[in-house]
$ cat upload00.cif   # mmCIF, C-alpha atoms
data_model
#
loop_
_atom_site.label_atom_id
_atom_site.label_comp_id
_atom_site.auth_asym_id
_atom_site.auth_seq_id
_atom_site.Cartn_x
_atom_site.Cartn_y
_atom_site.Cartn_z
CA MET A 1 -27.22 -22.91 13.95
CA ARG A 2 -26.08 -21.34 17.21
CA PRO A 3 -22.66 -19.61 17.43
CA ALA A 4 -21.17 -22.42 19.54
CA GLN A 5 -22.26 -24.99 16.96
CA LEU A 6 -20.65 -23.05 14.12
CA ILE A 7 -17.41 -22.78 16.08
CA ALA A 8 -17.43 -26.48 16.96
CA LYS A 9 -17.99 -27.44 13.31
CA LYS A 10 -14.85 -25.64 12.14
CA ARG A 11 -12.91 -26.60 15.28
CA ASP A 12 -13.49 -30.25 14.45
CA GLY A 13 -12.20 -29.78 10.90
CA ALA A 14 -15.46 -29.79 8.95
CA LYS A 15 -16.00 -27.61 5.89
CA LEU A 16 -18.37 -24.72 6.49
CA SER A 17 -21.22 -24.31 4.03
CA GLU A 18 -22.07 -21.04 2.33
CA ASP A 19 -25.07 -20.74 4.68
CA ASP A 20 -22.79 -21.34 7.68
CA ILE A 21 -20.46 -18.54 6.64
CA ASN A 22 -23.31 -16.14 5.87
CA ARG A 23 -24.74 -16.91 9.30
CA PHE A 24 -21.35 -16.30 10.96
CA ILE A 25 -20.91 -12.89 9.31
CA GLN A 26 -24.51 -11.89 10.13
CA LEU A 27 -23.93 -12.75 13.78
CA VAL A 28 -20.66 -10.80 13.84
CA VAL A 29 -22.18 -7.66 12.31
CA ARG A 30 -25.42 -7.73 14.30
CA GLY A 31 -23.79 -8.40 17.64
CA GLY A 32 -25.13 -11.94 17.94
CA MET A 33 -21.68 -13.32 18.72
CA GLN A 34 -19.65 -12.50 21.78
CA GLU A 35 -16.17 -11.19 21.08
CA ALA A 36 -14.66 -14.34 22.58
CA GLN A 37 -16.76 -16.49 20.24
CA THR A 38 -15.67 -14.53 17.18
CA GLY A 39 -12.06 -14.90 18.28
CA ALA A 40 -12.60 -18.63 18.75
CA MET A 41 -13.99 -18.97 15.23
CA LEU A 42 -11.03 -17.05 13.79
CA MET A 43 -8.64 -19.34 15.63
CA ALA A 44 -10.52 -22.42 14.38
CA MET A 45 -10.22 -21.09 10.81
CA PHE A 46 -6.55 -20.33 11.36
CA LEU A 47 -5.72 -23.78 12.72
CA ARG A 48 -8.04 -25.91 10.58
CA GLY A 49 -7.67 -23.88 7.41
CA LEU A 50 -10.19 -22.68 4.85
CA GLU A 51 -10.90 -24.44 1.57
CA GLN A 52 -11.08 -22.42 -1.63
CA ASP A 53 -14.88 -22.35 -1.61
CA GLU A 54 -14.94 -21.23 2.02
CA VAL A 55 -12.62 -18.30 1.24
CA HIS A 56 -14.86 -17.30 -1.69
CA TRP A 57 -18.03 -17.48 0.43
CA LEU A 58 -16.37 -15.59 3.30
CA THR A 59 -15.19 -12.84 0.93
CA ARG A 60 -18.65 -12.44 -0.59
CA ALA A 61 -20.38 -12.43 2.80
CA MET A 62 -17.97 -9.79 4.10
CA MET A 63 -18.45 -7.66 0.98
CA CYS A 64 -22.22 -7.77 1.53
CA SER A 65 -21.93 -6.84 5.22
CA GLY A 66 -22.10 -3.13 4.36
CA GLU A 67 -22.74 -0.73 1.53
CA THR A 68 -21.06 -1.14 -1.85
CA LEU A 69 -20.02 1.47 -4.38
CA SER A 70 -21.66 1.68 -7.80
CA TRP A 71 -20.53 3.47 -10.93
CA PRO A 72 -22.17 4.70 -14.14
CA MET A 73 -22.55 1.92 -16.69
CA GLU A 74 -20.54 3.76 -19.35
CA SER A 75 -17.44 4.03 -17.12
CA ARG A 76 -17.74 0.86 -15.03
CA HIS A 77 -15.01 -0.98 -16.99
CA LEU A 78 -12.61 1.87 -16.23
CA VAL A 79 -12.84 1.56 -12.43
CA VAL A 80 -9.54 0.19 -11.12
CA ASP A 81 -7.46 -0.02 -7.96
CA LYS A 82 -4.08 -1.11 -6.65
CA HIS A 83 -3.17 -2.82 -3.39
CA SER A 84 0.24 -3.32 -1.83
CA THR A 85 1.20 -5.84 0.83
CA GLY A 86 3.30 -3.11 2.42
CA GLY A 87 6.94 -2.13 2.54
CA VAL A 88 9.48 0.50 3.59
CA GLY A 89 9.16 3.80 1.75
CA ASP A 90 6.19 2.45 -0.21
CA LYS A 91 4.55 5.62 -1.47
CA ILE A 92 3.43 4.20 -4.84
CA SER A 93 -0.28 4.94 -4.36
CA ILE A 94 0.21 8.70 -4.05
CA PRO A 95 1.55 9.32 -7.57
CA LEU A 96 -0.11 6.29 -9.17
CA ALA A 97 -3.74 7.28 -8.48
CA PRO A 98 -3.58 10.70 -10.23
CA LEU A 99 -1.43 9.28 -13.02
CA LEU A 100 -4.08 6.66 -13.79
CA ALA A 101 -6.82 9.30 -13.62
CA ALA A 102 -4.86 11.44 -16.08
CA VAL A 103 -5.13 8.71 -18.75
CA GLY A 104 -8.88 8.23 -18.21
CA LEU A 105 -9.22 5.59 -15.49
CA LYS A 106 -11.38 5.89 -12.37
CA VAL A 107 -9.54 5.12 -9.11
CA PRO A 108 -11.44 4.83 -5.80
CA MET A 109 -8.30 4.01 -3.82
CA ILE A 110 -9.27 2.90 -0.32
CA SER A 111 -6.10 2.82 1.76
CA GLY A 112 -5.04 2.08 5.31
CA ARG A 113 -2.78 3.29 8.10
CA GLY A 114 0.71 2.14 8.88
CA LEU A 115 1.49 -0.57 11.40
CA GLY A 116 4.80 -2.19 12.26
CA HIS A 117 7.55 -1.52 9.73
CA THR A 118 5.16 -0.59 6.89
CA GLY A 119 3.90 2.94 6.36
CA GLY A 120 0.28 3.84 5.65
CA THR A 121 -0.97 5.89 2.73
CA LEU A 122 -3.67 7.56 4.86
CA ASP A 123 -1.08 8.81 7.35
CA LYS A 124 0.95 10.27 4.51
CA MET A 125 -2.04 12.00 2.91
CA GLU A 126 -2.94 13.59 6.25
CA CYS A 127 0.37 15.51 6.06
CA ILE A 128 -1.32 17.67 3.43
CA PRO A 129 -3.12 20.58 5.15
CA GLY A 130 -6.90 20.26 4.95
CA TYR A 131 -6.91 16.85 3.25
CA GLN A 132 -9.78 14.76 4.64
CA PRO A 133 -9.28 11.08 3.72
CA LEU A 134 -12.21 9.91 5.85
CA MET A 135 -15.35 10.37 3.79
CA ASP A 136 -18.64 8.62 3.25
CA ALA A 137 -19.42 6.55 0.18
CA ALA A 138 -21.38 9.35 -1.52
CA LYS A 139 -18.46 11.77 -1.18
CA LEU A 140 -15.95 9.18 -2.41
CA GLN A 141 -18.05 8.43 -5.48
CA SER A 142 -18.56 12.13 -6.15
CA VAL A 143 -14.82 12.89 -6.05
CA VAL A 144 -13.95 9.92 -8.28
CA ASN A 145 -16.66 10.79 -10.80
CA GLU A 146 -15.54 14.43 -10.87
CA VAL A 147 -11.76 14.14 -10.64
CA GLY A 148 -11.03 10.55 -11.62
CA CYS A 149 -9.36 9.50 -8.37
CA ALA A 150 -9.54 9.73 -4.59
CA ILE A 151 -7.30 8.33 -1.85
CA ALA A 152 -9.55 7.63 1.10
CA GLY A 153 -9.96 5.56 4.22
CA GLN A 154 -12.43 2.72 4.52
CA THR A 155 -15.86 4.32 4.85
CA GLU A 156 -17.82 3.66 8.02
CA ASN A 157 -20.38 1.41 6.35
CA LEU A 158 -18.13 -0.35 3.82
CA VAL A 159 -17.35 -4.03 4.63
CA VAL A 160 -18.43 -3.65 8.25
CA ALA A 161 -17.49 -7.25 9.04
CA ASP A 162 -13.86 -6.70 8.07
CA LYS A 163 -13.41 -3.92 10.63
CA ILE A 164 -14.63 -6.19 13.39
CA LEU A 165 -12.73 -9.27 12.27
CA TYR A 166 -9.47 -7.47 11.55
CA SER A 167 -9.30 -5.89 15.00
CA LEU A 168 -9.81 -9.34 16.56
CA ARG A 169 -7.31 -11.01 14.23
CA ASP A 170 -4.71 -8.56 15.49
CA ILE A 171 -5.18 -9.45 19.17
CA THR A 172 -5.70 -13.19 18.62
CA SER A 173 -2.57 -13.68 16.45
CA THR A 174 -4.61 -14.85 13.46
CA VAL A 175 -3.45 -12.17 11.00
CA ASN A 176 -1.06 -14.27 8.91
CA HIS A 177 -3.45 -16.77 7.38
CA ASP A 178 -3.89 -16.85 3.61
CA GLY A 179 -7.65 -17.31 3.63
CA LEU A 180 -8.24 -14.51 6.13
CA ILE A 181 -5.81 -12.18 4.30
CA LEU A 182 -7.46 -12.91 0.94
CA SER A 183 -11.00 -12.37 2.22
CA SER A 184 -10.07 -9.14 4.02
CA ILE A 185 -8.39 -7.54 1.01
CA MET A 186 -10.74 -8.79 -1.69
CA SER A 187 -13.98 -8.04 0.18
CA LYS A 188 -12.96 -4.36 0.28
CA LYS A 189 -11.87 -4.29 -3.35
CA ALA A 190 -15.09 -5.96 -4.48
CA ALA A 191 -17.14 -3.49 -2.42
CA GLU A 192 -15.42 -0.65 -4.28
CA GLY A 193 -17.09 -1.89 -7.46
CA ILE A 194 -13.79 -2.13 -9.34
CA LYS A 195 -13.33 -4.27 -12.45
CA ASN A 196 -9.53 -4.37 -12.60
CA LEU A 197 -6.97 -4.73 -9.81
CA VAL A 198 -3.19 -4.86 -9.60
CA LEU A 199 -1.56 -6.31 -6.48
CA ASP A 200 1.96 -5.26 -5.52
CA LEU A 201 3.41 -8.26 -3.68
CA LYS A 202 6.49 -7.13 -1.76
CA VAL A 203 9.23 -9.77 -1.81
CA GLY A 204 12.33 -9.75 0.39
CA PRO A 205 13.48 -9.21 3.99
CA ALA A 206 11.18 -6.20 4.48
CA GLY A 207 8.29 -7.60 2.43
CA LEU A 208 5.45 -9.93 3.32
CA PHE A 209 6.88 -12.69 1.15
CA PRO A 210 10.38 -14.12 1.64
CA ASP A 211 10.80 -15.22 -1.97
CA VAL A 212 9.15 -15.30 -5.39
CA ASP A 213 7.88 -18.85 -4.89
CA ARG A 214 5.81 -17.77 -1.89
CA ALA A 215 4.57 -14.71 -3.80
CA ARG A 216 3.55 -16.98 -6.69
CA GLU A 217 1.59 -19.21 -4.31
CA ILE A 218 -0.46 -16.35 -2.90
CA ALA A 219 -0.81 -14.70 -6.35
CA GLN A 220 -2.52 -17.80 -7.72
CA LYS A 221 -5.02 -17.66 -4.87
CA PHE A 222 -5.69 -13.96 -5.40
CA ILE A 223 -6.22 -14.44 -9.12
CA TRP A 224 -8.67 -17.32 -8.61
CA LEU A 225 -10.63 -15.45 -5.94
CA SER A 226 -10.69 -12.19 -7.91
CA SER A 227 -12.06 -13.98 -10.95
CA ASN A 228 -14.86 -15.44 -8.86
CA MET A 229 -15.62 -11.96 -7.54
CA GLY A 230 -15.83 -10.53 -11.08
CA ILE A 231 -12.48 -8.74 -10.93
CA ASN A 232 -9.57 -9.08 -13.35
CA CYS A 233 -6.42 -9.27 -11.17
CA VAL A 234 -2.74 -9.04 -12.05
CA CYS A 235 -0.09 -9.64 -9.37
CA VAL A 236 3.40 -8.13 -9.56
CA GLY A 237 6.25 -9.22 -7.29
CA THR A 238 8.51 -6.25 -6.45
CA ASN A 239 11.82 -6.07 -4.62
CA MET A 240 11.64 -5.09 -0.95
CA THR A 241 15.24 -5.75 0.05
CA HIS A 242 16.04 -2.03 0.16
CA PRO A 243 13.79 1.01 0.83
CA LEU A 244 11.61 2.11 -2.08
CA GLY A 245 12.66 5.47 -3.42
CA SER A 246 14.77 8.04 -1.60
CA CYS A 247 12.61 8.85 1.43
CA VAL A 248 11.17 6.99 4.40
CA GLY A 249 8.82 8.94 6.67
CA ASN A 250 5.36 10.37 6.13
CA SER A 251 5.93 14.00 5.11
CA LEU A 252 9.16 13.17 3.27
CA GLU A 253 7.36 10.52 1.19
CA VAL A 254 4.65 13.01 0.24
CA ILE A 255 7.35 15.40 -0.96
CA GLU A 256 9.03 12.65 -2.98
CA SER A 257 5.66 11.69 -4.49
CA ILE A 258 4.85 15.24 -5.58
CA ASP A 259 8.39 15.62 -6.92
CA PHE A 260 7.76 12.50 -8.98
CA LEU A 261 4.64 14.10 -10.47
CA LYS A 262 6.74 17.21 -11.19
CA ASN A 263 9.24 15.05 -13.11
CA ARG A 264 11.92 15.82 -10.51
CA SER A 265 12.36 12.34 -9.03
CA GLN A 266 15.60 10.46 -9.64
CA SER A 267 14.38 7.29 -7.91
CA ARG A 268 14.79 4.45 -10.37
CA ASP A 269 12.68 1.95 -8.45
CA LEU A 270 9.86 4.40 -7.74
CA HIS A 271 9.53 5.20 -11.44
CA GLU A 272 9.71 1.57 -12.55
CA ILE A 273 7.11 0.28 -10.08
CA VAL A 274 4.65 3.12 -10.77
CA MET A 275 4.94 2.53 -14.50
CA SER A 276 4.78 -1.27 -14.25
CA LEU A 277 1.70 -1.33 -12.02
CA GLY A 278 0.05 1.44 -13.99
CA SER A 279 0.65 -0.35 -17.30
CA CYS A 280 -1.05 -3.48 -15.96
CA LEU A 281 -4.22 -1.50 -15.23
CA VAL A 282 -4.18 0.47 -18.48
CA VAL A 283 -4.00 -2.81 -20.43
CA SER A 284 -6.47 -4.81 -18.32
CA SER A 285 -9.05 -2.00 -18.57
CA GLY A 286 -8.75 -2.02 -22.36
CA LEU A 287 -7.36 1.50 -22.80
CA ARG A 288 -4.26 0.07 -24.50
CA SER A 289 -3.51 -3.34 -25.98
CA ASP A 290 0.01 -3.95 -24.66
CA ASP A 291 2.43 -2.89 -21.93
CA ASP A 292 4.67 -0.81 -24.20
CA SER A 293 1.87 1.41 -25.50
CA ALA A 294 0.40 1.63 -22.00
CA ARG A 295 3.72 2.80 -20.59
CA ARG A 296 4.09 5.43 -23.32
CA CYS A 297 0.61 6.68 -22.47
CA LEU A 298 1.53 6.98 -18.78
CA GLU A 299 4.90 8.61 -19.52
CA ASP A 300 3.16 11.22 -21.67
CA ALA A 301 0.67 12.01 -18.88
CA LEU A 302 3.54 12.39 -16.42
CA LYS A 303 5.76 14.55 -18.63
CA SER A 304 2.91 16.82 -19.74
CA GLY A 305 1.93 17.71 -16.18
CA ALA A 306 -1.52 16.13 -16.55
CA ALA A 307 -0.89 13.76 -13.61
CA LEU A 308 0.25 16.63 -11.38
CA GLU A 309 -2.89 18.57 -12.28
CA LYS A 310 -5.04 15.55 -11.34
CA PHE A 311 -3.26 15.40 -7.99
CA ARG A 312 -3.95 19.08 -7.39
CA HIS A 313 -7.59 18.65 -8.35
CA MET A 314 -7.92 15.57 -6.09
CA ILE A 315 -6.53 17.19 -2.93
CA VAL A 316 -8.74 20.28 -3.42
CA ALA A 317 -11.80 18.04 -3.85
CA CYS A 318 -10.82 16.30 -0.58
CA GLY A 319 -10.54 19.46 1.51
CA THR A 320 -7.21 21.17 0.79
CA SER A 321 -7.50 24.85 -0.03
CA PRO A 322 -6.83 25.82 -3.66
CA GLU A 323 -4.06 28.16 -2.49
CA THR A 324 -2.23 25.38 -0.59
CA ALA A 325 -2.69 22.96 -3.48
CA ASP A 326 -1.33 25.49 -5.97
CA THR A 327 1.73 26.08 -3.79
CA LEU A 328 2.43 22.37 -3.30
CA CYS A 329 2.25 21.80 -7.04
CA SER A 330 4.34 24.84 -7.93
CA SER A 331 8.05 25.18 -8.65
CA ARG A 332 8.61 27.63 -5.79
CA GLU A 333 11.55 26.89 -3.51
CA ASP A 334 9.26 26.99 -0.47
CA CYS A 335 6.49 24.92 -2.10
CA TYR A 336 6.55 22.31 0.69
CA ALA A 337 6.65 24.75 3.62
CA SER A 338 3.08 23.84 4.63
CA LEU A 339 3.98 20.17 5.22
CA PRO A 340 5.20 18.89 8.62
CA THR A 341 8.91 19.67 9.00
CA ALA A 342 11.39 18.29 11.54
CA THR A 343 13.52 20.54 13.74
CA PHE A 344 16.87 18.84 13.14
CA LEU A 345 18.24 17.95 9.70
CA THR A 346 21.43 15.99 10.26
CA PRO A 347 23.74 14.83 7.45
CA VAL A 348 24.99 11.27 7.92
CA LYS A 349 28.45 10.55 6.52
CA THR A 350 29.94 7.17 5.72
CA SER A 351 33.30 6.13 7.14
CA ARG A 352 33.89 3.68 4.28
CA SER A 353 34.69 3.86 0.58
CA GLY A 354 33.28 1.57 -2.08
CA VAL A 355 30.03 0.76 -3.89
CA VAL A 356 26.64 0.82 -2.16
CA ARG A 357 25.67 -2.83 -2.49
CA ASN A 358 22.53 -2.72 -0.32
CA ILE A 359 20.55 -0.54 2.07
CA ASN A 360 18.92 -2.49 4.88
CA ALA A 361 15.20 -1.70 4.58
CA MET A 362 14.28 -3.20 7.96
CA GLY A 363 17.09 -1.29 9.64
CA VAL A 364 15.87 1.98 8.12
CA ALA A 365 12.27 1.20 9.13
CA GLU A 366 13.25 0.45 12.72
CA LEU A 367 15.24 3.68 12.91
CA CYS A 368 12.34 5.76 11.55
CA ASN A 369 9.86 4.05 13.86
CA SER A 370 12.06 4.86 16.85
CA LEU A 371 11.73 8.53 15.87
CA GLY A 372 7.93 8.26 15.79
CA ALA A 373 7.33 7.77 12.06
CA GLY A 374 5.54 4.42 12.56
CA ARG A 375 3.33 2.51 14.96
CA THR A 376 3.84 -0.65 16.98
CA ARG A 377 0.20 -0.52 18.13
CA SER A 378 -2.79 0.77 16.20
CA THR A 379 -3.43 3.36 18.95
CA ASP A 380 0.04 4.94 18.71
CA SER A 381 0.27 8.55 17.56
CA LEU A 382 2.73 9.54 14.81
CA ASP A 383 5.27 12.26 14.24
CA LEU A 384 4.57 13.00 10.59
CA SER A 385 7.68 15.17 10.15
CA VAL A 386 10.47 12.67 10.92
CA GLY A 387 12.26 10.22 8.68
CA LEU A 388 15.30 9.58 6.53
CA ARG A 389 16.22 10.93 3.12
CA ILE A 390 18.68 8.61 1.34
CA THR A 391 21.24 10.45 -0.79
CA ALA A 392 23.58 7.57 -1.74
CA HIS A 393 21.71 4.95 -3.76
CA LEU A 394 22.32 1.37 -4.78
CA THR A 395 25.27 0.87 -7.18
CA GLN A 396 26.60 4.36 -6.36
CA SER A 397 30.30 4.78 -5.56
CA VAL A 398 31.03 6.66 -2.32
CA HIS A 399 34.12 7.76 -0.43
CA ALA A 400 34.74 8.00 3.28
CA GLY A 401 33.28 11.30 4.45
CA ASP A 402 30.53 11.43 1.80
CA VAL A 403 26.99 12.16 2.97
CA VAL A 404 24.84 9.06 2.39
CA ALA A 405 21.64 10.18 4.14
CA GLU A 406 19.91 13.07 5.86
CA LEU A 407 18.16 12.40 9.16
CA HIS A 408 15.01 14.42 9.94
CA SER A 409 14.29 14.36 13.68
CA ASN A 410 12.78 16.48 16.43
CA SER A 411 15.55 15.79 18.92
CA GLU A 412 19.27 16.02 18.32
CA PRO A 413 20.56 12.57 17.33
CA ASP A 414 23.32 10.94 19.37
CA ASP A 415 26.32 9.04 18.05
CA ALA A 416 24.56 5.69 18.46
CA MET A 417 21.72 6.77 16.16
CA ILE A 418 24.16 7.99 13.51
CA ARG A 419 26.01 4.66 13.67
CA GLN A 420 22.68 2.85 13.35
CA ILE A 421 22.04 4.67 10.07
CA GLN A 422 25.60 4.10 8.83
CA ASP A 423 25.21 0.38 9.53
CA CYS A 424 22.18 0.23 7.21
CA PHE A 425 24.48 0.92 4.25
CA GLU A 426 26.35 -2.10 2.95
CA ILE A 427 29.37 -0.63 1.17
CA ASP A 428 31.63 -3.01 -0.73
CA ASN A 429 35.25 -1.93 -1.30
CA THR A 430 36.13 -5.06 -3.31
CA ILE A 431 34.23 -4.04 -6.48
CA ASP A 432 34.28 -1.04 -8.80
CA SER A 433 30.68 -1.33 -9.99
CA MET A 434 27.59 -3.54 -9.87
CA VAL A 435 24.38 -4.10 -11.80
CA TYR A 436 21.27 -2.51 -10.29
CA PRO A 437 19.17 -5.26 -8.65
CA ASP A 438 15.96 -6.35 -10.37
CA ILE A 439 13.04 -4.15 -9.34
CA ILE A 440 10.23 -6.20 -10.88
CA LEU A 441 10.78 -9.82 -9.83
CA ALA A 442 7.74 -11.53 -11.36
CA LYS A 443 4.32 -10.95 -12.90
CA PHE A 444 1.39 -13.30 -12.43
CA GLN A 445 -1.95 -13.24 -14.23
CA ALA A 446 -4.65 -15.59 -15.42
#
$ encode --input "upload00.cif" --output "structure tokens"
Amino acid sequence: MRPAQLIAKKRDGAKLSEDDINRFIQLVVRGGMQEAQTGAMLMAMFLRGLEQDEVHWLTRAMMCSGETLSWPMESRHLVVDKHSTGGVGDKISIPLAPLLAAVGLKVPMISGRGLGHTGGTLDKMECIPGYQPLMDAAKLQSVVNEVGCAIAGQTENLVVADKILYSLRDITSTVNHDGLILSSIMSKKAAEGIKNLVLDLKVGPAGLFPDVDRAREIAQKFIWLSSNMGINCVCVGTNMTHPLGSCVGNSLEVIESIDFLKNRSQSRDLHEIVMSLGSCLVVSSGLRSDDDSARRCLEDALKSGAALEKFRHMIVACGTSPETADTLCSSREDCYASLPTATFLTPVKTSRSGVVRNINAMGVAELCNSLGAGRTRSTDSLDLSVGLRITAHLTQSVHAGDVVAELHSNSEPDDAMIRQIQDCFEIDNTIDSMVYPDIILAKFQA
């Protein structure tokens, strides 16, 4: 069937066959479809929708459009990964990967770059001197087999079709379609050769999903598709009303992540989400039989320093010098001196007294992006050093004049920028205390 006939079939509302979808992906990868035709097919899928079988066939065809990773038979059941739908201050992958490796799991964590209000794990890892997240499949497999984990970018020959389709989805406004989202994410996870997956579904004003009901709807689709791709999937809905952790900004989030591995972090939500997602994978892989024993296992690996040692080993295996890695993982006061650092560190004081009821995640993200911490277009360059460190957390009582945040910038902030940060803090003077908002909102599994 010619490209125009395939497009017309979906345009007119017909269901594509498995052969049709395989043909479409072959044409895309081999250059047999003009860019305009591929865009037209994506728009037809977007407007006419994709049935469950079509999404499954599309995912499998995309997975097979490039090389796939393979693992030794004896450890195949231990190969796991995590995916997040993206949020503000979402640095979970950085401490989670070495923590999972420290308890015996294998984690080929293929991550992406930031776009819009969500940060990207690859951008954060590139703050670490020498770290090379872009590697071929052989190198990725070697690091995971040796260390137990690697945080890497999508390899050049992995899921080739997704690279082409995703770039066109961006410019044709066909990104936000369940079937296309599912096939993009799951084709990459299946190509990794993983057996167990946890999905962090961000719920709230700064998350992909406005409420738990919408998260449940997409979770059910992910679980069905994962099962048909031979992957055991658990979905966890997490709160994205306020920024995750204490820091927003690439270098600052790396520091917070390493501090977490050093048992220095005081971020309640960071700890809870890392442990909750990690427990799901420890149980689903069969290392432990229940969440409580899985969490104890993870807590032990964190407190003993085993997770920090895995992180050190991982960054050395990915290009960082042993001397730099040792310093980053040390208790020296200047241990983070090698990371990008902003010129101006400005304390931000509140003019109000009361209890911190909320911190506007979207407001914080927009502020940090205006400094250069994020992208509005995929071609934008980043300032890895800038961001915001939050010092007054949810449920905390503050008084007028207290410092609630520290701004890291490379130009001196004006009064308007300081007010913008102050306005992100919702401080209630009518209450004396409040209960910390739920961090884990829901858990979905087969």
$ resolve_selection --input "upload00.cif" --expression "the PyMOL selection byres ((chain A and resi 55-61) around 8)" --output "PyMOL selection string"
chain A and resi 18+21-22+25+50-54+62-65+179-180+182-184+186-187+225+228-229
$ resolve_selection --input "upload00.cif" --expression "the PyMOL selection byres ((chain A and resi 328-342) around 6)" --output "JSON, numbers by chain"
{"A": [127, 325, 326, 327, 343, 344, 385, 386, 408, 409, 410]}
$ write_last_selection --input "upload00.cif" --atoms "C-alpha atoms" --output "PDB file, keeping the file's coordinate frame"
ATOM      1  CA  CYS A 127       0.370  15.510   6.060  1.00  0.00           C
ATOM      2  CA  ALA A 325      -2.690  22.960  -3.480  1.00  0.00           C
ATOM      3  CA  ASP A 326      -1.330  25.490  -5.970  1.00  0.00           C
ATOM      4  CA  THR A 327       1.730  26.080  -3.790  1.00  0.00           C
ATOM      5  CA  THR A 343      13.520  20.540  13.740  1.00  0.00           C
ATOM      6  CA  PHE A 344      16.870  18.840  13.140  1.00  0.00           C
ATOM      7  CA  SER A 385       7.680  15.170  10.150  1.00  0.00           C
ATOM      8  CA  VAL A 386      10.470  12.670  10.920  1.00  0.00           C
ATOM      9  CA  HIS A 408      15.010  14.420   9.940  1.00  0.00           C
ATOM     10  CA  SER A 409      14.290  14.360  13.680  1.00  0.00           C
ATOM     11  CA  ASN A 410      12.780  16.480  16.430  1.00  0.00           C
TER      12      ASN A 410
END
$ resolve_selection --input "upload00.cif" --expression "the PyMOL selection byres ((chain A and resi 39) around 9)" --output "list of chain:residue names"
A:Gln34, A:Glu35, A:Ala36, A:Gln37, A:Thr38, A:Ala40, A:Met41, A:Leu42, A:Met43, A:Ala44, A:Leu165, A:Leu168, A:Arg169, A:Ile171, A:Thr172, A:Thr174
$ residues_around --input "upload00.cif" --residues "stretch 84-98 of chain A" --least-positions-apart "5" --cutoff "8 Å" --atoms "only C-alpha atoms" --output "compact mmCIF listing (two decimals) with C-alpha atoms, in the coordinates of the input"
# COMPACT_ATOMS: atom_id res chain seq x y z
CA VAL A 107 -9.54 5.12 -9.11
CA MET A 109 -8.30 4.01 -3.82
CA HIS A 117 7.55 -1.52 9.73
CA THR A 118 5.16 -0.59 6.89
CA GLY A 119 3.90 2.94 6.36
CA THR A 121 -0.97 5.89 2.73
CA GLY A 148 -11.03 10.55 -11.62
CA CYS A 149 -9.36 9.50 -8.37
CA ALA A 150 -9.54 9.73 -4.59
CA ILE A 151 -7.30 8.33 -1.85
CA LEU A 199 -1.56 -6.31 -6.48
CA ASP A 200 1.96 -5.26 -5.52
CA LEU A 201 3.41 -8.26 -3.68
CA LYS A 202 6.49 -7.13 -1.76
CA ALA A 206 11.18 -6.20 4.48
CA GLY A 207 8.29 -7.60 2.43
CA LEU A 208 5.45 -9.93 3.32
CA MET A 240 11.64 -5.09 -0.95
CA HIS A 242 16.04 -2.03 0.16
CA PRO A 243 13.79 1.01 0.83
CA LEU A 244 11.61 2.11 -2.08
CA GLY A 245 12.66 5.47 -3.42
CA SER A 246 14.77 8.04 -1.60
CA CYS A 247 12.61 8.85 1.43
CA VAL A 248 11.17 6.99 4.40
CA GLY A 249 8.82 8.94 6.67
CA GLU A 253 7.36 10.52 1.19
CA VAL A 254 4.65 13.01 0.24
CA SER A 257 5.66 11.69 -4.49
CA ILE A 258 4.85 15.24 -5.58
CA PHE A 260 7.76 12.50 -8.98
CA LEU A 261 4.64 14.10 -10.47
CA LEU A 270 9.86 4.40 -7.74
CA ILE A 273 7.11 0.28 -10.08
CA VAL A 274 4.65 3.12 -10.77
CA GLY A 278 0.05 1.44 -13.99
CA ALA A 307 -0.89 13.76 -13.61
CA LEU A 308 0.25 16.63 -11.38
CA LYS A 310 -5.04 15.55 -11.34
CA PHE A 311 -3.26 15.40 -7.99
CA MET A 314 -7.92 15.57 -6.09
CA ALA A 361 15.20 -1.70 4.58
CA MET A 362 14.28 -3.20 7.96
CA VAL A 364 15.87 1.98 8.12
CA ALA A 365 12.27 1.20 9.13
$ closest_residue --input "upload00.cif" --among "A:Arg375, A:Pro205, A:Thr346, A:Leu122" --to "A:Asp414" --atoms "only C-alpha atoms"
A:Thr346
$ closest_atom_pairs --input "upload00.cif" --of "stretch 282-359 of chain A" --to "stretch 388-392 of chain A" --cutoff "12 Å" --atoms "all atoms listed in the file" --output "Markdown table"
| residue | atom | partner | partner_atom | distance |
| --- | --- | --- | --- | --- |
| A:Ala342 | CA | A:Leu388 | CA | 10.8 |
| A:Phe344 | CA | A:Leu388 | CA | 11.5 |
| A:Leu345 | CA | A:Leu388 | CA | 9.4 |
| A:Thr346 | CA | A:Leu388 | CA | 9.6 |
| A:Pro347 | CA | A:Arg389 | CA | 9.5 |
| A:Val348 | CA | A:Ile390 | CA | 9.5 |
| A:Lys349 | CA | A:Ala392 | CA | 10.0 |
| A:Thr350 | CA | A:Ala392 | CA | 9.8 |
| A:Ser353 | CA | A:Ala392 | CA | 11.9 |
| A:Gly354 | CA | A:Ala392 | CA | 11.4 |
| A:Val355 | CA | A:Ala392 | CA | 9.6 |
| A:Val356 | CA | A:Ala392 | CA | 7.4 |
| A:Arg357 | CA | A:Ala392 | CA | 10.6 |
| A:Asn358 | CA | A:Ala392 | CA | 10.4 |
| A:Ile359 | CA | A:Ile390 | CA | 9.4 |
$ closest_residue --input "upload00.cif" --among "A:Glu67, A:Lys139, A:Asn263, A:Glu426" --to "A:Ala306" --atoms "only C-alpha atoms"
A:Asn263
$ axis_aligned_box --input "upload00.cif" --around "stretch 161-176 of chain A" --padding-each-side "8 Å" --output "AutoDock Vina command-line options"
--center_x -9.3 --center_y -9.4 --center_z 13.6 --size_x 32.4 --size_y 26.9 --size_z 27.1
